>>> print(open('my_file.tsv').read())   # TSV, C-alpha atoms
chain	number	residue	atom	x	y	z
A	1	MET	CA	36.94	55.84	-91.92
A	2	ASN	CA	34.65	53.42	-90.22
A	3	TYR	CA	33.41	53.61	-86.60
A	4	PHE	CA	35.97	51.12	-85.17
A	5	GLN	CA	38.87	52.88	-86.69
A	6	LYS	CA	37.51	56.21	-85.64
A	7	ASN	CA	36.93	55.09	-81.99
A	8	LYS	CA	39.69	52.48	-81.72
A	9	LYS	CA	41.39	54.10	-78.77
A	10	ASN	CA	38.19	54.49	-76.79
A	11	ILE	CA	37.13	50.92	-77.56
A	12	ILE	CA	40.44	49.53	-76.34
A	13	ILE	CA	40.22	51.55	-73.14
A	14	GLY	CA	36.63	50.37	-72.60
A	15	VAL	CA	37.57	46.72	-73.14
A	16	ILE	CA	40.45	46.99	-70.69
A	17	ALA	CA	38.22	48.69	-68.14
A	18	THR	CA	35.53	46.04	-68.56
A	19	LEU	CA	38.05	43.23	-68.08
A	20	LEU	CA	39.44	44.95	-64.99
A	21	VAL	CA	35.98	45.34	-63.48
A	22	ALA	CA	35.15	41.72	-64.31
A	23	ALA	CA	38.35	40.58	-62.61
A	24	LEU	CA	37.52	42.61	-59.53
A	25	ILE	CA	34.00	41.23	-59.47
A	26	ALA	CA	35.32	37.65	-59.83
A	27	LEU	CA	37.79	38.22	-57.02
A	28	TRP	CA	35.04	39.62	-54.82
A	29	LEU	CA	32.77	36.69	-55.61
A	30	GLN	CA	35.56	34.27	-54.82
A	31	LYS	CA	36.03	35.88	-51.45
A	32	LYS	CA	32.32	35.97	-50.74
A	33	VAL	CA	31.12	32.71	-52.24
A	34	ILE	CA	34.04	30.36	-52.83
A	35	HIS	CA	35.79	29.29	-49.59
A	36	SER	CA	38.40	26.80	-48.35
A	37	SER	CA	39.58	25.37	-45.01
A	38	ASP	CA	42.08	28.20	-44.81
A	39	ASP	CA	39.18	30.63	-44.40
A	40	ILE	CA	38.09	28.97	-41.15
A	41	VAL	CA	38.77	31.13	-38.12
A	42	GLY	CA	38.74	28.82	-35.06
A	43	LEU	CA	40.48	28.97	-31.71
A	44	VAL	CA	41.27	26.03	-29.38
A	45	TYR	CA	43.40	26.59	-26.29
A	46	PRO	CA	45.47	25.52	-24.49
A	47	SER	CA	47.11	22.92	-26.73
A	48	THR	CA	48.57	21.03	-23.76
A	49	LEU	CA	46.66	20.35	-20.56
A	50	LYS	CA	46.02	17.76	-17.85
A	51	VAL	CA	43.06	15.49	-17.29
A	52	GLY	CA	40.21	17.54	-15.85
A	53	ASP	CA	41.61	20.90	-17.02
A	54	THR	CA	39.43	23.27	-19.08
A	55	LEU	CA	39.79	23.30	-22.86
A	56	SER	CA	38.26	26.43	-24.49
A	57	PHE	CA	37.03	26.52	-28.08
A	58	GLU	CA	35.59	29.33	-30.25
A	59	ASP	CA	34.62	29.72	-33.92
A	60	LYS	CA	34.78	33.16	-35.59
A	61	THR	CA	34.27	32.05	-39.19
A	62	GLN	CA	32.04	34.75	-40.76
A	63	PHE	CA	30.61	32.73	-43.64
A	64	ALA	CA	29.70	29.72	-41.53
A	65	LYS	CA	26.07	28.71	-41.65
A	66	THR	CA	26.52	25.51	-39.58
A	67	LYS	CA	29.37	24.32	-37.43
A	68	LYS	CA	30.31	21.22	-35.53
A	69	TRP	CA	33.12	20.55	-33.08
A	70	ASN	CA	34.51	16.99	-32.78
A	71	PHE	CA	36.77	16.65	-29.74
A	72	GLY	CA	38.27	13.27	-30.63
A	73	ASP	CA	37.00	11.50	-27.52
A	74	GLY	CA	33.58	10.61	-28.88
A	75	THR	CA	31.89	13.91	-27.94
A	76	THR	CA	30.76	16.77	-30.18
A	77	SER	CA	29.26	20.26	-29.90
A	78	ASN	CA	27.36	22.64	-32.23
A	79	LYS	CA	28.10	25.74	-30.18
A	80	SER	CA	30.13	28.68	-31.47
A	81	LYS	CA	32.20	28.66	-28.29
A	82	GLY	CA	32.40	26.80	-25.02
A	83	ILE	CA	34.58	24.59	-22.85
A	84	HIS	CA	35.41	20.88	-22.80
A	85	PHE	CA	37.01	18.42	-20.36
A	86	TYR	CA	39.00	15.28	-21.10
A	87	ASN	CA	38.72	12.30	-18.73
A	88	LYS	CA	41.72	10.35	-20.00
A	89	PRO	CA	45.25	11.30	-21.01
A	90	GLY	CA	46.23	10.99	-24.66
A	91	TYR	CA	46.68	12.74	-28.00
A	92	TYR	CA	43.49	14.20	-29.46
A	93	GLN	CA	42.54	15.98	-32.69
A	94	VAL	CA	39.87	18.64	-32.20
A	95	THR	CA	38.16	19.19	-35.55
A	96	LEU	CA	35.94	22.15	-36.52
A	97	ILE	CA	33.61	21.34	-39.43
A	98	ILE	CA	31.97	24.28	-41.23
A	99	ASP	CA	28.83	23.81	-43.34
A	100	ASN	CA	29.57	20.05	-43.50
A	101	LYS	CA	32.14	20.96	-46.13
A	102	TYR	CA	35.23	22.62	-44.73
A	103	SER	CA	37.25	21.43	-41.73
A	104	LYS	CA	40.23	22.41	-39.65
A	105	SER	CA	42.00	20.36	-36.96
A	106	PHE	CA	43.79	21.38	-33.78
A	107	PRO	CA	46.17	18.91	-32.03
A	108	ILE	CA	45.69	18.62	-28.26
A	109	ILE	CA	47.92	16.73	-25.79
A	110	VAL	CA	46.29	15.68	-22.49
A	111	SER	CA	48.58	14.32	-19.77
A	112	ALA	CA	47.69	12.46	-16.59
A	113	ARG	CA	47.11	14.51	-13.49
A	114	THR	CA	49.56	13.73	-10.71
A	115	VAL	CA	47.82	13.27	-7.38
A	116	PRO	CA	49.94	14.87	-4.69
A	117	LYS	CA	50.92	12.42	-2.02
A	118	LYS	CA	49.48	13.23	1.35
A	119	ASP	CA	51.84	13.28	4.23
A	120	SER	CA	51.47	9.85	5.72
A	121	VAL	CA	50.58	9.81	9.38
A	122	LYS	CA	53.12	7.77	11.25
A	123	VAL	CA	51.76	5.16	13.59
A	124	VAL	CA	52.70	5.82	17.19
A	125	THR	CA	54.82	2.91	18.38
A	126	LEU	CA	53.01	0.80	20.99
A	127	ILE	CA	53.52	-2.53	22.70
A	128	ASP	CA	50.68	-5.03	22.45
A	129	ALA	CA	51.11	-7.44	25.34
A	130	PRO	CA	49.27	-8.63	28.46
A	131	SER	CA	49.79	-6.81	31.73
A	132	GLN	CA	49.85	-10.10	33.66
A	133	ALA	CA	51.10	-13.60	32.91
A	134	MET	CA	52.35	-16.73	34.65
A	135	GLN	CA	55.86	-17.88	35.40
A	136	PHE	CA	57.23	-20.17	32.63
A	137	GLU	CA	54.37	-19.13	30.34
A	138	ASN	CA	55.19	-18.12	26.75
A	139	VAL	CA	54.19	-14.45	26.66
A	140	GLN	CA	53.64	-12.77	23.30
A	141	PHE	CA	54.87	-9.20	22.72
A	142	ARG	CA	53.93	-7.43	19.47
A	143	ALA	CA	55.24	-4.06	18.29
A	144	ILE	CA	52.63	-1.81	16.70
A	145	SER	CA	54.97	0.31	14.60
A	146	ASP	CA	56.01	1.33	11.09
A	147	GLY	CA	59.59	0.62	12.02
A	148	LYS	CA	61.88	-1.97	10.46
A	149	GLN	CA	64.28	-2.57	13.34
A	150	PHE	CA	63.26	-3.70	16.83
A	151	THR	CA	65.16	-4.18	20.06
A	152	TRP	CA	63.36	-5.84	22.99
A	153	LYS	CA	64.46	-6.02	26.61
A	154	PHE	CA	62.01	-7.92	28.79
A	155	GLY	CA	63.55	-6.76	32.05
A	156	GLU	CA	64.67	-10.10	33.44
A	157	THR	CA	68.11	-10.70	31.89
A	158	GLY	CA	69.33	-7.12	31.47
A	159	ARG	CA	70.30	-8.01	27.91
A	160	ILE	CA	68.68	-7.63	24.50
A	161	ASP	CA	66.21	-10.52	24.36
A	162	SER	CA	64.79	-10.23	20.83
A	163	LYS	CA	65.03	-8.25	17.58
A	164	ASP	CA	61.77	-9.42	16.01
A	165	LYS	CA	58.59	-7.40	15.58
A	166	LEU	CA	56.64	-10.25	17.20
A	167	ALA	CA	58.56	-11.68	20.15
A	168	ILE	CA	57.78	-14.48	22.62
A	169	TYR	CA	59.41	-14.68	26.01
A	170	SER	CA	59.04	-16.93	29.05
A	171	TYR	CA	59.84	-15.45	32.46
A	172	GLN	CA	61.73	-17.76	34.77
A	173	LYS	CA	61.02	-15.84	37.96
A	174	PRO	CA	57.83	-14.17	39.22
A	175	GLY	CA	57.81	-10.45	39.84
A	176	ASP	CA	57.09	-7.05	38.30
A	177	TYR	CA	59.01	-6.25	35.13
A	178	VAL	CA	59.37	-3.27	32.78
A	179	VAL	CA	59.54	-4.22	29.10
A	180	SER	CA	61.53	-1.88	26.86
A	181	LEU	CA	61.17	-1.56	23.07
A	182	ILE	CA	63.40	0.57	20.83
A	183	THR	CA	62.75	0.94	17.06
A	184	ASP	CA	64.23	2.96	14.23
A	185	GLU	CA	61.06	5.09	14.39
A	186	THR	CA	61.42	6.11	18.05
A	187	THR	CA	63.85	8.39	19.85
A	188	GLU	CA	63.01	7.08	23.31
A	189	PRO	CA	62.24	3.53	24.48
A	190	VAL	CA	58.58	2.49	24.64
A	191	LEU	CA	57.84	0.90	28.03
A	192	HIS	CA	55.31	-1.68	29.18
A	193	GLN	CA	54.76	-3.07	32.69
A	194	ILE	CA	53.95	-6.73	33.25
A	195	LYS	CA	53.35	-8.72	36.42
A	196	ILE	CA	54.49	-12.35	36.42
A	197	LEU	CA	52.64	-14.59	38.86
A	198	PRO	CA	54.33	-17.67	40.34
A	199	ALA	CA	53.44	-20.94	38.68
A	200	TYR	CA	52.70	-24.13	40.56
A	201	ASP	CA	55.83	-26.18	41.21
A	202	ALA	CA	55.49	-29.26	43.44
A	203	LEU	CA	59.19	-29.21	44.25
A	204	GLU	CA	59.35	-25.67	45.64
A	205	GLU	CA	57.41	-26.25	48.82
A	206	GLU	CA	55.89	-28.99	50.79
A	207	VAL	CA	52.15	-28.73	50.65
A	208	SER	CA	49.31	-31.11	51.21
A	209	VAL	CA	47.95	-33.16	48.34
A	210	GLU	CA	44.70	-31.22	48.51
A	211	ASP	CA	46.52	-27.89	48.24
A	212	SER	CA	48.60	-29.20	45.35
A	213	TYR	CA	45.49	-30.26	43.45
A	214	ALA	CA	43.78	-26.98	44.29
A	215	LYS	CA	46.67	-25.00	42.82
A	216	ILE	CA	46.56	-27.03	39.64
A	217	ASP	CA	42.79	-26.65	39.45
A	218	ASN	CA	42.99	-22.88	39.89
A	219	ASP	CA	45.83	-22.49	37.43
A	220	PHE	CA	43.98	-24.63	34.88
A	221	LYS	CA	40.83	-22.59	35.44
A	222	TYR	CA	42.69	-19.29	34.96
A	223	HIS	CA	44.07	-20.24	31.54
A	224	LEU	CA	40.78	-21.71	30.31
A	225	GLN	CA	39.04	-18.50	31.31
A	226	GLN	CA	41.59	-16.48	29.34
A	227	ILE	CA	40.71	-18.53	26.24
A	228	ALA	CA	37.01	-17.94	26.92
A	229	TYR	CA	37.69	-14.19	27.11
A	230	GLY	CA	39.21	-14.31	23.62
A	231	ASN	CA	42.79	-13.76	24.73
A	232	SER	CA	45.75	-15.45	23.02
A	233	PHE	CA	44.57	-18.98	22.27
A	234	ASN	CA	47.97	-20.43	21.43
A	235	MET	CA	49.63	-18.99	24.50
A	236	HIS	CA	47.17	-20.38	27.06
A	237	TYR	CA	46.39	-23.60	25.20
A	238	ASN	CA	50.07	-24.55	24.78
A	239	TYR	CA	50.80	-23.67	28.40
A	240	LEU	CA	48.16	-26.12	29.70
A	241	LEU	CA	49.13	-28.75	27.15
A	242	LYS	CA	52.80	-28.62	28.06
A	243	THR	CA	52.52	-28.01	31.81
A	244	TYR	CA	49.78	-30.47	32.78
A	245	LEU	CA	48.69	-32.70	29.90
A	246	CYS	CA	52.10	-34.03	28.83
A	247	ASN	CA	51.28	-32.75	25.31
A	248	ASN	CA	48.28	-35.07	24.98
A	249	GLU	CA	45.61	-33.16	23.03
A	250	ASN	CA	43.19	-36.09	23.40
A	251	THR	CA	42.95	-35.80	27.18
A	252	VAL	CA	39.31	-36.35	28.22
A	253	VAL	CA	37.34	-33.24	29.14
A	254	LYS	CA	33.90	-33.55	30.72
A	255	VAL	CA	31.71	-30.43	30.84
A	256	ASN	CA	28.83	-29.95	33.27
A	257	ASP	CA	28.72	-33.68	34.08
A	258	SER	CA	27.41	-34.53	30.63
A	259	LYS	CA	29.40	-33.37	27.63
A	260	VAL	CA	32.57	-35.37	26.92
A	261	ASN	CA	35.21	-34.11	24.54
A	262	ASN	CA	38.96	-34.14	24.03
A	263	PHE	CA	41.03	-31.23	25.22
A	264	TYR	CA	41.72	-29.73	21.80
A	265	MET	CA	38.11	-29.77	20.64
A	266	TYR	CA	36.92	-28.32	23.92
A	267	CYS	CA	39.38	-25.40	23.80
A	268	ALA	CA	38.62	-24.75	20.14
A	269	GLY	CA	34.92	-24.54	20.93
A	270	LEU	CA	35.64	-22.35	23.93
A	271	GLN	CA	37.53	-19.95	21.67
A	272	PHE	CA	34.64	-19.46	19.26
A	273	ASP	CA	31.80	-19.73	21.77
A	274	LYS	CA	33.07	-16.88	23.93
A	275	ASN	CA	31.77	-15.37	27.18
A	276	ASN	CA	31.62	-18.69	29.01
A	277	VAL	CA	32.38	-18.43	32.70
A	278	ILE	CA	34.54	-21.26	34.03
A	279	GLN	CA	33.11	-21.91	37.50
A	280	THR	CA	35.15	-24.91	38.66
A	281	VAL	CA	37.88	-27.14	37.28
A	282	LYS	CA	38.84	-30.52	38.75
A	283	VAL	CA	41.79	-32.44	37.33
A	284	ASN	CA	42.66	-36.13	37.66
A	285	LEU	CA	46.32	-37.17	37.53
A	286	ASP	CA	47.88	-40.47	36.51
A	287	ASP	CA	49.41	-42.81	39.07
A	288	ALA	CA	52.80	-41.12	38.80
A	289	GLN	CA	51.18	-37.74	39.49
A	290	ASN	CA	52.85	-36.35	36.37
A	291	CYS	CA	50.11	-35.94	33.76
A	292	VAL	CA	46.49	-34.89	33.90
A	293	THR	CA	44.36	-37.66	32.39
A	294	LYS	CA	40.91	-36.14	32.81
A	295	VAL	CA	39.45	-32.68	33.42
A	296	ASP	CA	35.99	-32.06	34.89
A	297	ILE	CA	34.63	-28.59	34.18
A	298	ASN	CA	31.56	-26.70	35.31
A	299	GLN	CA	30.79	-23.61	33.24
A	300	SER	CA	27.95	-21.26	32.37
A	301	LYS	CA	27.16	-18.12	30.39
>>> encode(input="my_file.tsv", output="C-alpha cells")
Amino acid sequence: MNYFQKNKKNIIIGVIATLLVAALIALWLQKKVIHSSDDIVGLVYPSTLKVGDTLSFEDKTQFAKTKKWNFGDGTTSNKSKGIHFYNKPGYYQVTLIIDNKYSKSFPIIVSARTVPKKDSVKVVTLIDAPSQAMQFENVQFRAISDGKQFTWKFGETGRIDSKDKLAIYSYQKPGDYVVSLITDETTEPVLHQIKILPAYDALEEEVSVEDSYAKIDNDFKYHLQQIAYGNSFNMHYNYLLKTYLCNNENTVVKVNDSKVNNFYMYCAGLQFDKNNVIQTVKVNLDDAQNCVTKVDINQSK
C-alpha cells in the first residue's frame, strides 16, 4: 500500500482545511484591500434646509487615505467633517470622493428663506394746506394718508366739498374756517384751521383811485412774495393771472427799473431764484381799468 492510499483520509482533510483557510484569507483580504462605494461611511444632514442654514458633513470611512467633498455649488472641502452654507435655493448633490476612486452622493434640497414681513407703520393722517389764503383764491388741500377714501368739508358750505386726495377749493367769503377730513384710515375727523382774507373788489366799496391802486399793489406783492418763498407756484401765479392780468402771460414786468420780462418768465425765475424780497409793486391798468398792462417791481435779496 502506497503512502497516498495509506494516508488518504488525512490528505483529504488537510486539503479541505487548506482550502477553507485560503477562502478565509481571501475574504479577509477582500475586506481589507478590495473596496467599493458601498464601503464609504459618510454623513450629510439635514437633507432639506433653507438658504443660509447649516449643512453638516462627516466622513467615517476607515480605509480612506484621501477624501474630497464636492457640494454641488462650485465649492469643495478636504476635511473629514465640517459645515457648509448654500447661498441660493435649488437641488444639490453632495459627493464624497474617497482615494480619488470611490464616491457616494447625498441629495440636498435648499429652499428660499422667507423674510418675515415687518409690521408696516401707518402714516398718521395729516392735512397739508396753508393756514391763510385770499378770498376767491384756489386753495390746495392735500391729504397725507395711506387711505383710499377721502371726504373733505371746507367749512363754508356745510356739505361734502370733495372726495379726492388732492382737493382745490375757492372760498367765496372771508373769515376763519375749520377744514375737516375723514378717511377710511381714521376714526375721527382730522381738522385744519384756515383764515381767508378779503380780496380786493372795486364794487364792494367806494374808495379813492389811489386806495384802489394801493390795494391791487399790495395784493399783487403778497402773491409774488409767496412764490418767492417757494409756496404753491400754480396757486399764486394763476390767481394773479386771472384776477389782474386778464390771463395775459406776456404782460410786461420791469424789475428794479432795468430788467424787462414778461409775467410768466419773471414768475418762473422767481420760483427758482428764491429768497427774493419784494419791496414794492406798482401796477398800470388799461384805459378801461380792467386789466393790468405793466408791473413795476423793486426787489432785493
>>> atom_distance(input="my_file.tsv", atom1="CA of Leu240 in chain A", atom2="CA of Asn284 in chain A")
13.9 Å
>>> residues_around(input="my_file.tsv", residues="range 171-173 of chain A", least_positions_apart="6", cutoff="8 Å", atoms="only C-alpha atoms", output="PyMOL selection string")
chain A and resi 134-138+156+196+198
>>> residues_around(input="my_file.tsv", residues="Tyr229 in chain A", least_positions_apart="5", cutoff="12 Å", atoms="all atoms listed in the file", output="MDAnalysis selection string")
chainID A and resid 222:224 236 267 270:278 301
>>> closest_atom_pairs(input="my_file.tsv", of="range 87-171 of chain A", to="range 178-188 of chain A", cutoff="7 Å", atoms="only C-alpha atoms", output="CSV")
residue,atom,partner,partner_atom,distance
A:Gly147,CA,A:Glu185,CA,5.3
A:Lys148,CA,A:Asp184,CA,6.6
A:Gln149,CA,A:Thr183,CA,5.3
A:Phe150,CA,A:Thr183,CA,4.7
A:Thr151,CA,A:Ile182,CA,5.1
A:Trp152,CA,A:Leu181,CA,4.8
A:Lys153,CA,A:Ser180,CA,5.1
A:Phe154,CA,A:Val179,CA,4.5
A:Gly155,CA,A:Val178,CA,5.5
>>> atom_distance(input="my_file.tsv", atom1="CA of Tyr45 in chain A", atom2="CA of Gly90 in chain A")
15.9 Å
>>> residues_around(input="my_file.tsv", residues="range 108-115 of chain A", least_positions_apart="5", cutoff="8 Å", atoms="only C-alpha atoms", output="number ranges by chain")
A: 46-52, 86, 88-94
>>> write_last_selection(input="my_file.tsv", atoms="C-alpha atoms", output="PDB file, in the frame of the given file")
ATOM      1  CA  PRO A  46      45.470  25.520 -24.490  1.00  0.00           C
ATOM      2  CA  SER A  47      47.110  22.920 -26.730  1.00  0.00           C
ATOM      3  CA  THR A  48      48.570  21.030 -23.760  1.00  0.00           C
ATOM      4  CA  LEU A  49      46.660  20.350 -20.560  1.00  0.00           C
ATOM      5  CA  LYS A  50      46.020  17.760 -17.850  1.00  0.00           C
ATOM      6  CA  VAL A  51      43.060  15.490 -17.290  1.00  0.00           C
ATOM      7  CA  GLY A  52      40.210  17.540 -15.850  1.00  0.00           C
ATOM      8  CA  TYR A  86      39.000  15.280 -21.100  1.00  0.00           C
ATOM      9  CA  LYS A  88      41.720  10.350 -20.000  1.00  0.00           C
ATOM     10  CA  PRO A  89      45.250  11.300 -21.010  1.00  0.00           C
ATOM     11  CA  GLY A  90      46.230  10.990 -24.660  1.00  0.00           C
ATOM     12  CA  TYR A  91      46.680  12.740 -28.000  1.00  0.00           C
ATOM     13  CA  TYR A  92      43.490  14.200 -29.460  1.00  0.00           C
ATOM     14  CA  GLN A  93      42.540  15.980 -32.690  1.00  0.00           C
ATOM     15  CA  VAL A  94      39.870  18.640 -32.200  1.00  0.00           C
TER      16      VAL A  94
END
>>> residues_near_point(input="my_file.tsv", point="(33.4, -22.4, 38.5)", cutoff="8 Å", atoms="only C-alpha atoms", output="list in words")
Val277, Ile278, Gln279, Thr280, Val281, Ile297, Asn298 and Gln299 of chain A
>>> residues_around(input="my_file.tsv", residues="range 248-258 of chain A", least_positions_apart="5", cutoff="7 Å", atoms="only C-alpha atoms", output="tab-separated table (two decimals) with C-alpha atoms, in the coordinates of the input")
chain	number	residue	atom	x	y	z
A	241	LEU	CA	49.13	-28.75	27.15
A	263	PHE	CA	41.03	-31.23	25.22
A	264	TYR	CA	41.72	-29.73	21.80
A	293	THR	CA	44.36	-37.66	32.39
A	294	LYS	CA	40.91	-36.14	32.81
A	295	VAL	CA	39.45	-32.68	33.42
A	296	ASP	CA	35.99	-32.06	34.89
A	297	ILE	CA	34.63	-28.59	34.18
A	298	ASN	CA	31.56	-26.70	35.31
A	299	GLN	CA	30.79	-23.61	33.24
>>> atom_distance(input="my_file.tsv", atom1="CA of Leu245 in chain A", atom2="CA of Asp287 in chain A")
13.7 Å
>>> residues_around(input="my_file.tsv", residues="Leu96 in chain A", least_positions_apart="2", cutoff="8 Å", atoms="all atoms listed in the file", output="ChimeraX atom specification")
/A:42,67-70,94,98,103-105
>>> closest_residue(input="my_file.tsv", among="A:Phe141, A:Phe106, A:Ile13, A:His84", to="Val41 in chain A", atoms="only C-alpha atoms")
A:Phe106
>>> closest_residue(input="my_file.tsv", among="A:Asp128, A:Tyr239, A:Ile227, A:Ile216", to="Leu191 in chain A", atoms="all atoms listed in the file")
A:Asp128
